[in-house]
Amino acid sequence: MTKFTKSFTQQEPIPEAGIERAVEVMRSGRLHRYNALGDELTETVLLEQEFAAYNGSRFCLACASGGYALHIAMRSIGVNSGDKVLCNAFTLAPVPGAIHNAGAIPVLVETTDDFTIDLVDLEAKAAADDVHYLMLSHMRGHLVDMDRLMEICDRHGVSVIEDCAHTMGATWNGRRSGTFGKVGCFSTQTYKHINSGEGGLLITDDEEVMARAIMHSGSYMLYDRHTVGPAPEVFAKIRFETPNYSGRMDNLRAAILRPQLSDLDRQCDRWNELYCALEKGLRAIEGVRVPLRPEAEYFVGSSLQFSLPELSAEAFARFIRRCEEQGVQIKWFGDADPKGYTSRFDSWRYLGDAPALPATEKVLSTMCDIRLPLTFNVEDCVVIATVISEVLSETAHINPAG
């Protein structure tokens, strides 16, 4: 049988320009974002300026992680302990974790066969009198119809925070992911679209929201050093009532990120070339379902999801195991025992009893997830599709669906 030999977790090296600038920052000793000489613009300030310009946003804040950005986004728009926050049932654990960290209560929303939030279930749950917030995950890079989603939320008075960990660089009808809701939050963790190991970015056009976010991040009344923040008088209203949660990004990580941001659009095109090559191979395999991407969506294919709806649970487990043996790492969100990042809603037991979400359970039971690092090439994607085809043929023959 065909075997694949490359690592699914090996990223490209940091660009030389980022390495050189990071070394300069280390030699200066001025790693803290507020440690500047005179009117010097630190690497963190420059990153915020450039990321705001990239997205067409008024304000930007660099954070210690994407999860931290989600947490202070909720605090900044007014989420309080005990409030209900709508959230995709299909998401990664840091999203409900951020809601829990704010003392709020996640209200999970069903998932469609195309791996997006179910807008019918969203509308039903958004209509409740005690629901005023939505933490929307563009999970694994899939954008729902954002025009329809925003119409639903606006009509029901629901404020939206976008979790764009997997959609940096993506658009819906030409509009950047992260600019539809009141706040957009991004991750720069190693497996995201720009890589600083850990890190996050928060964007908004709302003055008071950004003022609160800056204070929450730990500005120590140094808010005037945020060149992509609101005017000082906006802080005057909230500076004594907004707690410091200390989650700033440092200049070292910002220095690493800036050259990657300048090259992001080219990198997105490279990911999509890999995605399209693997997608083509998978669509040729009987029994594989790959979701159709809407024409309005420009996605970033840094991972690919597909379904095997004809396999039994026993056959599915064997398929995952045999692919692993042939060098193809496929993650399965339907496994009863979560592994790595694949935990699902019924394993987040700190939230209480798992709600009945039959559509999401059905979708996740046969969903496969593959990372596509830029250390791969098109030929690698052809080999991966071949491995999947061969293993699926073997698996379906031995363990047909019951």
# chains A, B, ... in the order shown; residues from 1 in each chain; ligands from 1
>>> residues_around(residues="Glu43 of chain A", least_positions_apart="6", cutoff="7 Å", atoms="only C-alpha atoms", output="PyMOL selection string")
chain A and resi 251+254-255
>>> residues_around(residues="Asp147 of chain A", least_positions_apart="3", cutoff="9 Å", atoms="only C-alpha atoms", output="list in words")
Val144, Met150, Glu151, Ile152, Trp172, Asn173 and Phe180 of chain A
>>> closest_residue(among="A:Leu136, A:Leu47, A:Ala62, A:Leu357", to="Asn88 of chain A", atoms="only C-alpha atoms")
A:Leu136
>>> residues_around(residues="Met74 of chain A", least_positions_apart="3", cutoff="10 Å", atoms="only C-alpha atoms", output="ChimeraX atom specification")
/A:69-71,77-80,85,98-99,101-102,104,133-135,159-161,183,209,213
>>> closest_residue(among="A:Ser28, A:Thr2, A:Thr167, A:Ser343", to="Val391 of chain A", atoms="only C-alpha atoms")
A:Thr2
>>> select_by_dssp(residues="segment 131-329 of chain A", states="strand (DSSP E)", output="PyMOL selection string")
chain A and resi 131-137+159-163+171-172+175-176+183-187+200-204+297-298+303-307
>>> residues_around(residues="Asp224 of chain A", least_positions_apart="6", cutoff="12 Å", atoms="only C-alpha atoms", output="VMD selection string")
chain A and resid 34 39 45 211 214 to 215 230 to 236
